[in-house]
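**Q** Input file: final25.txt. Contents: compact mmCIF, C-alpha atoms.
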# COMPACT_ATOMS: atom_id res chain seq x y z
CA MET C 87 -81.62 -25.34 18.74
CA LEU C 88 -80.23 -22.80 21.20
CA GLY C 89 -77.18 -25.01 21.75
CA SER C 90 -76.56 -25.17 18.00
CA LEU C 91 -76.76 -21.39 17.69
CA ARG C 92 -74.30 -20.99 20.55
CA HIS C 93 -71.90 -23.43 18.85
CA VAL C 94 -72.12 -21.51 15.56
CA SER C 95 -71.60 -18.21 17.38
CA GLU C 96 -68.54 -19.58 19.20
CA SER C 97 -67.08 -20.93 15.93
CA VAL C 98 -67.54 -17.53 14.27
CA LYS C 99 -65.86 -15.81 17.23
CA GLN C 100 -62.91 -18.22 17.10
CA ALA C 101 -62.50 -17.75 13.35
CA SER C 102 -62.68 -13.98 13.75
CA SER C 103 -60.13 -14.11 16.54
CA ARG C 104 -57.74 -16.20 14.39
CA SER C 105 -58.15 -13.76 11.52
CA ILE C 106 -57.33 -10.82 13.77
CA ARG C 107 -54.28 -12.63 15.16
CA ASP C 108 -53.11 -13.57 11.66
CA ARG C 109 -53.43 -9.97 10.44
CA ALA C 110 -51.61 -8.69 13.52
CA GLU C 111 -48.79 -11.20 13.06
CA ALA C 112 -48.55 -10.37 9.36
CA SER C 113 -48.26 -6.67 10.24
CA LEU C 114 -45.50 -7.39 12.75
CA VAL C 115 -43.58 -9.50 10.22
CA ALA C 116 -43.94 -6.80 7.57
CA ALA C 117 -42.71 -4.18 10.05
CA ALA C 118 -39.70 -6.34 10.97
CA PHE C 119 -38.71 -6.82 7.33
CA ALA C 120 -39.07 -3.08 6.69
CA LEU C 121 -36.46 -2.25 9.34
CA PRO C 122 -33.08 -0.86 8.25
CA SER C 123 -30.47 -3.50 7.50
CA ALA C 124 -28.37 -2.53 10.52
CA VAL C 125 -31.34 -3.05 12.83
CA LYS C 126 -32.16 -6.40 11.24
CA ARG C 127 -28.59 -7.48 11.80
CA ARG C 128 -28.83 -6.61 15.49
CA ILE C 129 -31.87 -8.89 15.69
CA THR C 130 -30.33 -11.81 13.79
CA GLY C 131 -26.71 -11.57 14.83
CA PRO C 132 -23.72 -11.87 12.47
CA PRO C 133 -24.08 -13.21 8.93
CA VAL C 134 -24.21 -16.98 8.49
CA VAL C 135 -21.65 -18.24 5.98
CA ILE C 136 -21.48 -21.93 5.02
CA GLU C 137 -19.54 -23.39 2.11
CA GLY C 138 -18.86 -19.88 0.83
CA ASN C 139 -22.57 -18.96 0.68
CA THR C 140 -23.95 -16.16 2.85
CA LEU C 141 -27.46 -16.65 4.17
CA ASP C 142 -29.82 -14.05 2.68
CA ALA C 143 -30.56 -11.33 5.25
CA ASP C 144 -34.33 -11.70 4.88
CA ALA C 145 -34.10 -15.49 5.18
CA HIS C 146 -31.94 -15.03 8.30
CA LEU C 147 -34.51 -12.70 9.84
CA LEU C 148 -37.34 -15.10 9.01
CA LEU C 149 -35.51 -18.00 10.65
CA THR C 150 -34.82 -15.86 13.72
CA LEU C 151 -38.48 -14.89 14.05
CA ALA C 152 -39.55 -18.51 13.47
CA LYS C 153 -37.70 -19.56 16.61
CA THR C 154 -40.43 -17.88 18.65
CA ARG C 155 -43.14 -20.05 17.10
CA PRO C 156 -44.10 -23.53 18.37
CA LEU C 157 -42.38 -26.47 16.68
CA PRO C 158 -44.54 -28.28 14.10
CA SER C 159 -46.30 -31.47 15.12
CA HIS C 160 -44.97 -34.73 13.74
CA SER C 161 -47.99 -36.73 14.80
CA THR C 162 -50.26 -38.69 12.46
CA ASP C 163 -53.12 -38.38 14.91
CA PRO C 164 -55.99 -36.98 12.77
CA GLN C 165 -56.61 -34.00 15.00
CA SER C 166 -52.93 -33.07 15.26
CA LEU C 167 -52.46 -33.57 11.52
CA ALA C 168 -55.43 -31.34 10.70
CA ALA C 169 -54.12 -28.64 13.03
CA ALA C 170 -50.62 -28.80 11.50
CA ARG C 171 -52.04 -28.56 7.98
CA ALA C 172 -54.24 -25.61 8.89
CA ASN C 173 -51.32 -23.84 10.57
CA LEU C 174 -49.07 -24.30 7.53
CA THR C 175 -51.77 -22.93 5.23
CA ARG C 176 -52.41 -19.89 7.47
CA THR C 177 -48.67 -19.19 7.66
CA ALA C 178 -48.23 -19.55 3.89
CA ILE C 179 -51.12 -17.18 3.19
CA MET C 180 -49.68 -14.68 5.65
CA MET C 181 -46.22 -14.93 4.05
CA GLY C 182 -47.63 -14.76 0.52
CA GLY C 183 -48.24 -11.04 0.76
CA ARG C 184 -50.46 -9.21 -1.68
CA PRO C 185 -51.13 -11.71 -4.49
CA ALA C 186 -50.71 -10.91 -8.16
CA GLN C 187 -54.08 -10.00 -9.64
CA VAL C 188 -54.77 -12.71 -12.18
CA ARG C 189 -58.12 -14.25 -13.05
CA THR C 190 -58.87 -17.54 -11.30
CA GLU C 191 -61.46 -20.25 -11.72
CA GLU C 192 -62.27 -23.17 -9.43
CA ILE C 193 -62.25 -26.39 -11.49
CA SER C 194 -61.69 -30.11 -11.08
CA VAL C 195 -59.39 -32.55 -12.84
CA SER C 196 -59.22 -36.31 -12.81
CA GLY C 197 -57.16 -38.07 -10.16
CA ALA C 198 -56.32 -41.75 -10.03
CA ASP C 199 -59.63 -42.66 -8.38
CA GLY C 200 -61.91 -39.71 -9.01
CA PRO C 201 -62.02 -35.93 -9.38
CA LEU C 202 -59.55 -33.66 -7.63
CA ARG C 203 -60.07 -30.03 -6.73
CA ALA C 204 -57.97 -27.64 -8.82
CA ARG C 205 -57.64 -23.93 -9.55
CA LEU C 206 -56.97 -22.35 -12.94
CA TYR C 207 -54.95 -19.11 -13.07
CA VAL C 208 -55.15 -17.00 -16.23
CA PRO C 209 -52.37 -14.40 -16.69
CA THR C 210 -52.97 -10.91 -18.02
CA ALA C 211 -50.76 -11.54 -21.07
CA ASP C 212 -51.80 -15.10 -21.90
CA THR C 213 -49.37 -16.91 -24.21
CA GLY C 214 -51.42 -20.10 -24.60
CA ALA C 215 -48.98 -22.23 -22.63
CA LEU C 216 -50.05 -24.06 -19.45
CA LEU C 217 -48.30 -25.28 -16.30
CA ALA C 218 -49.80 -28.17 -14.30
CA TYR C 219 -48.57 -27.30 -10.79
CA PHE C 220 -48.15 -29.66 -7.83
CA HIS C 221 -47.63 -27.99 -4.46
CA GLY C 222 -44.98 -28.74 -1.85
CA GLY C 223 -45.51 -29.73 1.76
CA GLY C 224 -43.80 -33.10 2.09
CA TRP C 225 -46.72 -34.98 0.45
CA VAL C 226 -48.37 -34.45 3.87
CA GLN C 227 -49.33 -30.77 3.99
CA GLY C 228 -50.02 -27.90 1.65
CA GLY C 229 -52.69 -27.35 -0.94
CA ILE C 230 -54.14 -24.86 -3.37
CA GLU C 231 -54.48 -22.11 -0.75
CA SER C 232 -50.96 -22.47 0.66
CA HIS C 233 -49.48 -22.07 -2.83
CA ASP C 234 -51.87 -19.51 -4.23
CA ALA C 235 -49.36 -16.62 -4.15
CA PRO C 236 -46.51 -18.39 -6.03
CA CYS C 237 -48.96 -19.81 -8.59
CA ARG C 238 -50.32 -16.33 -9.25
CA LEU C 239 -46.85 -14.85 -9.69
CA LEU C 240 -45.67 -17.73 -11.89
CA ALA C 241 -48.72 -17.32 -14.12
CA GLU C 242 -48.24 -13.58 -14.46
CA THR C 243 -44.50 -13.70 -15.14
CA SER C 244 -44.46 -16.78 -17.38
CA GLY C 245 -47.55 -15.90 -19.41
CA ALA C 246 -48.68 -19.50 -18.94
CA ARG C 247 -51.99 -20.53 -17.50
CA VAL C 248 -51.46 -22.47 -14.28
CA ILE C 249 -53.60 -25.29 -12.95
CA SER C 250 -52.83 -25.99 -9.30
CA VAL C 251 -53.82 -29.56 -8.41
CA ASP C 252 -55.01 -30.66 -4.95
CA TYR C 253 -53.64 -34.22 -5.01
CA ARG C 254 -54.38 -36.54 -2.09
CA LEU C 255 -52.03 -36.33 0.89
CA SER C 256 -50.12 -38.84 2.99
CA PRO C 257 -50.20 -40.63 5.38
CA GLU C 258 -53.89 -41.24 4.62
CA PHE C 259 -52.88 -41.76 0.99
CA ALA C 260 -49.30 -42.99 0.94
CA PHE C 261 -47.21 -43.92 -2.11
CA PRO C 262 -48.17 -44.47 -4.86
CA THR C 263 -51.40 -42.44 -4.52
CA PRO C 264 -49.92 -38.89 -4.77
CA VAL C 265 -47.80 -40.05 -7.74
CA ASP C 266 -50.81 -41.67 -9.42
CA ASP C 267 -52.97 -38.59 -8.81
CA ALA C 268 -50.36 -36.29 -10.36
CA TYR C 269 -50.03 -38.50 -13.44
CA ALA C 270 -53.79 -38.85 -13.91
CA ALA C 271 -54.26 -35.09 -13.48
CA TYR C 272 -51.58 -34.31 -16.06
CA GLN C 273 -53.13 -36.67 -18.61
CA ASP C 274 -56.58 -35.19 -18.00
CA ILE C 275 -55.23 -31.66 -18.47
CA VAL C 276 -53.61 -32.68 -21.77
CA ASP C 277 -56.85 -34.29 -22.95
CA ARG C 278 -58.82 -31.15 -22.02
CA ALA C 279 -56.26 -28.61 -23.26
CA GLU C 280 -58.77 -26.86 -25.54
CA GLU C 281 -61.26 -26.57 -22.67
CA PHE C 282 -58.58 -24.92 -20.54
CA GLY C 283 -57.59 -22.53 -23.33
CA ALA C 284 -54.14 -24.05 -23.75
CA ASP C 285 -51.93 -25.14 -26.63
CA PRO C 286 -51.61 -28.95 -26.15
CA THR C 287 -48.00 -28.82 -27.38
CA ARG C 288 -47.02 -26.37 -24.62
CA ILE C 289 -48.22 -28.01 -21.42
CA ALA C 290 -45.55 -28.23 -18.74
CA VAL C 291 -45.48 -29.82 -15.30
CA GLY C 292 -43.94 -28.20 -12.26
CA GLY C 293 -43.90 -27.90 -8.52
CA ASP C 294 -41.82 -27.23 -5.45
CA SER C 295 -40.27 -29.78 -3.08
CA ALA C 296 -42.70 -32.72 -2.98
CA GLY C 297 -44.41 -31.16 -6.00
CA GLY C 298 -41.09 -31.07 -7.82
CA HIS C 299 -40.75 -34.78 -7.10
CA LEU C 300 -44.25 -35.44 -8.47
CA SER C 301 -43.47 -33.43 -11.61
CA ALA C 302 -40.35 -35.49 -12.24
CA THR C 303 -42.34 -38.71 -11.87
CA VAL C 304 -44.98 -37.47 -14.34
CA ALA C 305 -42.27 -36.82 -16.94
CA LEU C 306 -40.75 -40.28 -16.37
CA ARG C 307 -44.09 -42.10 -16.62
CA ALA C 308 -45.25 -40.23 -19.71
CA ARG C 309 -42.00 -41.16 -21.48
CA ASP C 310 -42.14 -44.80 -20.44
CA ASP C 311 -45.84 -45.17 -21.30
CA GLY C 312 -45.44 -43.54 -24.71
CA LYS C 313 -47.88 -40.78 -23.72
CA THR C 314 -47.73 -37.11 -24.70
CA PRO C 315 -44.68 -35.80 -22.83
CA PRO C 316 -44.75 -32.51 -20.95
CA ALA C 317 -43.28 -29.65 -22.94
CA ALA C 318 -41.08 -28.88 -19.94
CA GLN C 319 -40.61 -29.75 -16.28
CA LEU C 320 -40.14 -27.06 -13.63
CA LEU C 321 -38.49 -28.65 -10.61
CA ILE C 322 -38.14 -26.22 -7.68
CA TYR C 323 -35.89 -27.68 -4.94
CA PRO C 324 -37.21 -31.18 -5.75
CA ALA C 325 -36.85 -34.30 -3.63
CA THR C 326 -35.23 -36.86 -5.95
CA ASP C 327 -33.54 -39.51 -3.81
CA PHE C 328 -34.85 -41.61 -0.91
CA HIS C 329 -32.07 -44.18 -1.29
CA GLU C 330 -29.08 -42.20 -0.10
CA LYS C 331 -28.73 -38.99 1.90
CA ALA C 332 -26.73 -36.33 0.09
CA PRO C 333 -24.29 -34.18 2.13
CA SER C 334 -26.59 -31.13 2.13
CA ARG C 335 -29.17 -33.12 4.10
CA THR C 336 -26.70 -33.23 6.98
CA THR C 337 -25.15 -29.79 6.53
CA PHE C 338 -28.52 -27.98 6.55
CA GLY C 339 -30.60 -30.50 8.49
CA GLU C 340 -31.05 -28.18 11.47
CA GLY C 341 -31.81 -24.49 11.67
CA PHE C 342 -32.81 -23.79 8.07
CA PHE C 343 -36.59 -24.36 8.10
CA LEU C 344 -36.69 -27.90 6.65
CA THR C 345 -35.21 -30.02 9.42
CA GLU C 346 -34.10 -33.62 9.70
CA ALA C 347 -37.14 -34.31 11.91
CA ASN C 348 -39.45 -32.80 9.25
CA MET C 349 -37.87 -34.89 6.51
CA ASN C 350 -38.07 -38.11 8.51
CA PHE C 351 -41.76 -37.52 9.25
CA TYR C 352 -42.59 -36.69 5.64
CA GLU C 353 -40.59 -39.67 4.39
CA SER C 354 -42.27 -42.21 6.66
CA SER C 355 -45.72 -40.74 5.94
CA PHE C 356 -45.25 -40.75 2.17
CA LEU C 357 -43.47 -44.08 1.73
CA GLY C 358 -45.56 -46.12 4.13
CA LYS C 359 -44.34 -49.66 4.77
CA ASP C 360 -43.86 -51.18 1.35
CA ALA C 361 -42.38 -48.56 -1.02
CA ASP C 362 -39.14 -49.52 -2.77
CA ARG C 363 -36.69 -46.65 -2.32
CA LEU C 364 -35.02 -47.54 -5.63
CA ASP C 365 -38.28 -47.32 -7.57
CA PRO C 366 -37.84 -44.40 -10.04
CA LEU C 367 -41.27 -43.11 -8.97
CA VAL C 368 -39.90 -42.89 -5.42
CA SER C 369 -36.37 -41.78 -6.28
CA PRO C 370 -36.20 -40.25 -9.78
CA LEU C 371 -32.45 -39.83 -9.39
CA ARG C 372 -32.18 -43.65 -9.27
CA ALA C 373 -34.07 -44.21 -12.53
CA PRO C 374 -32.05 -46.59 -14.76
CA ASP C 375 -32.50 -44.23 -17.70
CA VAL C 376 -33.26 -40.50 -17.80
CA ALA C 377 -32.60 -39.87 -21.49
CA GLY C 378 -35.40 -38.52 -23.63
CA LEU C 379 -37.08 -36.57 -20.84
CA PRO C 380 -38.53 -33.08 -21.42
CA PRO C 381 -36.34 -30.01 -21.02
CA ALA C 382 -36.03 -29.09 -17.36
CA ILE C 383 -35.69 -26.01 -15.22
CA VAL C 384 -34.12 -27.10 -11.92
CA ILE C 385 -34.08 -24.58 -9.08
CA THR C 386 -32.17 -25.09 -5.83
CA ALA C 387 -31.40 -23.03 -2.73
CA GLY C 388 -27.96 -22.73 -1.15
CA PHE C 389 -29.14 -23.43 2.42
CA ASP C 390 -31.54 -26.25 1.61
CA PRO C 391 -31.14 -29.88 2.73
CA LEU C 392 -32.51 -30.96 -0.68
CA ARG C 393 -29.97 -28.87 -2.61
CA ASP C 394 -27.52 -31.60 -3.53
CA GLU C 395 -30.04 -34.17 -4.77
CA GLY C 396 -31.77 -31.52 -6.90
CA GLU C 397 -28.47 -30.52 -8.46
CA ALA C 398 -27.46 -34.17 -8.91
CA TYR C 399 -30.68 -34.76 -10.85
CA ALA C 400 -30.01 -31.70 -13.02
CA ALA C 401 -26.50 -32.98 -13.76
CA ARG C 402 -27.76 -36.46 -14.60
CA LEU C 403 -30.39 -35.08 -16.97
CA ARG C 404 -27.80 -32.91 -18.72
CA ASP C 405 -25.32 -35.79 -18.98
CA ASN C 406 -28.03 -37.81 -20.76
CA GLY C 407 -28.77 -35.20 -23.38
CA VAL C 408 -31.70 -33.42 -21.73
CA HIS C 409 -31.75 -29.63 -22.05
CA VAL C 410 -31.41 -28.24 -18.52
CA THR C 411 -31.64 -24.70 -17.21
CA ASP C 412 -30.44 -24.85 -13.61
CA ARG C 413 -30.09 -22.09 -11.08
CA ARG C 414 -28.98 -22.12 -7.46
CA TYR C 415 -30.12 -19.17 -5.33
CA PRO C 416 -27.12 -19.28 -2.99
CA GLY C 417 -28.47 -17.37 0.02
CA PHE C 418 -31.97 -18.82 0.09
CA ILE C 419 -33.63 -21.54 2.18
CA HIS C 420 -36.10 -24.28 1.36
CA GLY C 421 -39.58 -22.83 0.90
CA PHE C 422 -38.48 -19.44 -0.44
CA VAL C 423 -41.21 -19.42 -3.11
CA ASN C 424 -43.75 -19.09 -0.31
CA ILE C 425 -42.33 -15.96 1.33
CA LEU C 426 -43.23 -13.46 -1.36
CA GLY C 427 -44.74 -10.94 1.02
CA PRO C 428 -41.82 -10.04 3.29
CA SER C 429 -38.94 -10.93 0.95
CA ALA C 430 -38.26 -8.81 -2.12
CA GLY C 431 -35.51 -11.27 -3.02
CA SER C 432 -37.96 -14.18 -3.10
CA ARG C 433 -40.40 -12.20 -5.24
CA ALA C 434 -37.63 -11.37 -7.69
CA ALA C 435 -36.51 -15.01 -7.78
CA VAL C 436 -40.00 -16.37 -8.51
CA ALA C 437 -40.47 -13.71 -11.19
CA GLU C 438 -37.15 -14.81 -12.71
CA ILE C 439 -38.25 -18.45 -12.63
CA GLY C 440 -41.44 -17.42 -14.42
CA GLY C 441 -39.27 -15.75 -17.05
CA MET C 442 -37.25 -18.94 -17.50
CA LEU C 443 -40.47 -20.88 -18.03
CA ARG C 444 -41.76 -18.29 -20.49
CA ALA C 445 -38.56 -18.59 -22.54
CA LEU C 446 -38.65 -22.39 -22.55
CA LEU C 447 -42.32 -22.68 -23.47
CA SER C 448 -42.04 -20.08 -26.20
CA ARG C 449 -39.87 -22.44 -28.28
CA PRO C 450 -40.55 -26.05 -27.21
CA THR C 451 -39.72 -27.46 -30.65
CA GLU C 452 -36.09 -26.44 -30.14
CA PHE C 453 -35.78 -29.09 -27.44
CA PRO C 454 -37.50 -32.21 -28.78
CA ALA C 455 -37.36 -35.50 -26.94
CA PRO C 456 -37.74 -38.06 -29.76
CA TYR C 457 -37.61 -41.03 -27.44
CA SER C 458 -39.94 -44.04 -27.43
CA PRO C 459 -40.41 -47.04 -25.15
CA ALA C 460 -38.49 -49.04 -27.77
CA ASP C 461 -35.56 -46.62 -27.46
CA ARG C 462 -35.65 -47.12 -23.70
CA ARG C 463 -35.62 -50.91 -23.99
CA GLU C 464 -32.61 -50.67 -26.30
CA ALA C 465 -30.80 -48.26 -23.95
CA LEU C 466 -31.35 -50.58 -20.99
CA GLY C 467 -30.27 -53.63 -22.95
Using the file provided, produce a representation of the structure as structure tokens.
**A**
Amino acid sequence: MLGSLRHVSESVKQASSRSIRDRAEASLVAAAFALPSAVKRRITGPPVVIEGNTLDADAHLLLTLAKTRPLPSHSTDPQSLAAARANLTRTAIMMGGRPAQVRTEEISVSGADGPLRARLYVPTADTGALLAYFHGGGWVQGGIESHDAPCRLLAETSGARVISVDYRLSPEFAFPTPVDDAYAAYQDIVDRAEEFGADPTRIAVGGDSAGGHLSATVALRARDDGKTPPAAQLLIYPATDFHEKAPSRTTFGEGFFLTEANMNFYESSFLGKDADRLDPLVSPLRAPDVAGLPPAIVITAGFDPLRDEGEAYAARLRDNGVHVTDRRYPGFIHGFVNILGPSAGSRAAVAEIGGMLRALLSRPTEFPAPYSPADRREALG
């Protein structure tokens, strides 16, 4: 009994110590970002200019400060993986800043093999629309807590309710499990639209990075299965191609947060041994047919390894008659939606993205996708 009490006491002390360290680090980061521009420049060195784009000053400072932190683990050992996931979540919470004050409710939605944890965000000025959101993190990390701040801001600025879905992660659950979970969750949300206070004709899917990939696969599957299509798809720096490496993967593969080593680890964890890289649910860019998909908002960052494949997907959608709103934030890096605390530019960008979604979901009938499985069979010959 005494030993158990000592263990509990030690755990509480460790948690308290981590909390104090996290608050101290957050204060130091905030102080660094509040410095005059000239002082920041002395810390970071001269501006970084690549392909005519200048790295955002706040992103440059963040990357400079990140060099003092330990490199992330690329081990699938359970203990190392748990530590890496916890570290990412703590860092994301710290970088999220003061969250937008919207009402939240802990809920569950159906996954492919059972219930999944989820969180419902209700904006102050509720429009009746809803966004099913799938977080980033390379299909390996991330969760509801790591993406709480961007979900709050997207809800408040779009006027849409947001349901953030805690799909199962790789490598424990490799392809196709995350894809299947996302699809099952979307269908469950559509079926329960009234319960969630949403207009069933204005339910969108969206996410960042890996979550952008999952959102694209949901739209593809709903079209091919003849199910209710999403009213829109919000794809924030999505991964769309595992078949061929676009030039930006090499240009920005080192020094800009998402590294080549990160991508290789995420890729091997997610794909496992048997995934076909040309499968549209692995590489949406390689889908034989992308016509008839929901209108899309495609967001990319100028200094992101995933930039080119996201923009290639936007171009392919547009070329096949899909309404596309695309926007590159030229000075930003991968992950910018998670640095809302220190970066005013990132906060403004996410608010702008919320505005794009509000505009699209306010008039979904203007962008119909009258496309059936029979149409697809005819298109593919």
**Q** Using all atoms listed in the file, can you tell me which of C:Leu306, C:Gly341, C:Asp199, C:Val436 comes closest to Lys153 of chain C?
**A** C:Gly341
**Q** Can you pull out the residues contacting Ala268 of chain C? Cut-off 10 Å, using only C-alpha atoms, and skip same-chain residues under 4 positions away; I want them as a list in words.
**A**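 Residues meeting the cut-off are Ser196, Gly197, Ala198, Leu202, Ala218, Tyr219, Phe220, Val251, Asp252, Tyr253, Arg254, Thr263, Pro264, Tyr272, Gln273, Asp274, Val291, Gly297, Leu300, Ser301, Thr303 and Val304 of chain C.
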**Q** For Arg363 of chain C, list every protein, DNA or RNA residue within 10 Å, evaluated using all atoms listed in the file, and leave out those in the same chain fewer than 2 positions away; present the list as JSON, numbers by chain.
**A** {"C": [327, 328, 329, 330, 357, 360, 361, 365, 366, 367, 368, 369, 370, 372]}
**Q** Using all atoms listed in the file, which of the listed residues (C:Gly396, C:Pro333, C:Pro262, C:Gly224) sits closest to Leu320 of chain C?
**A**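 Closest to Leu320 of chain C of all the choices is C:Gly396.
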**Q** Let me make sure I understand: among C:Val376, C:Ile385, C:Leu217, C:Leu147, which one has the smallest atom-to-atom distance to Pro132 of chain C if we use all atoms listed in the file?
**A** C:Leu147
**Q** Rank C:Ser295, C:Thr345, C:Thr411, C:Thr210 by their smallest atom-to-atom distance to Arg247 of chain C, using only C-alpha atoms, and report the top residue only.
**A** C:Thr210
**Q** Using atom CA of Ile230 of chain C and atom CA of Glu258 of chain C as the two end points, give the distance in Å to one decimal.
**A**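 A separation of 18.2 Å between them.
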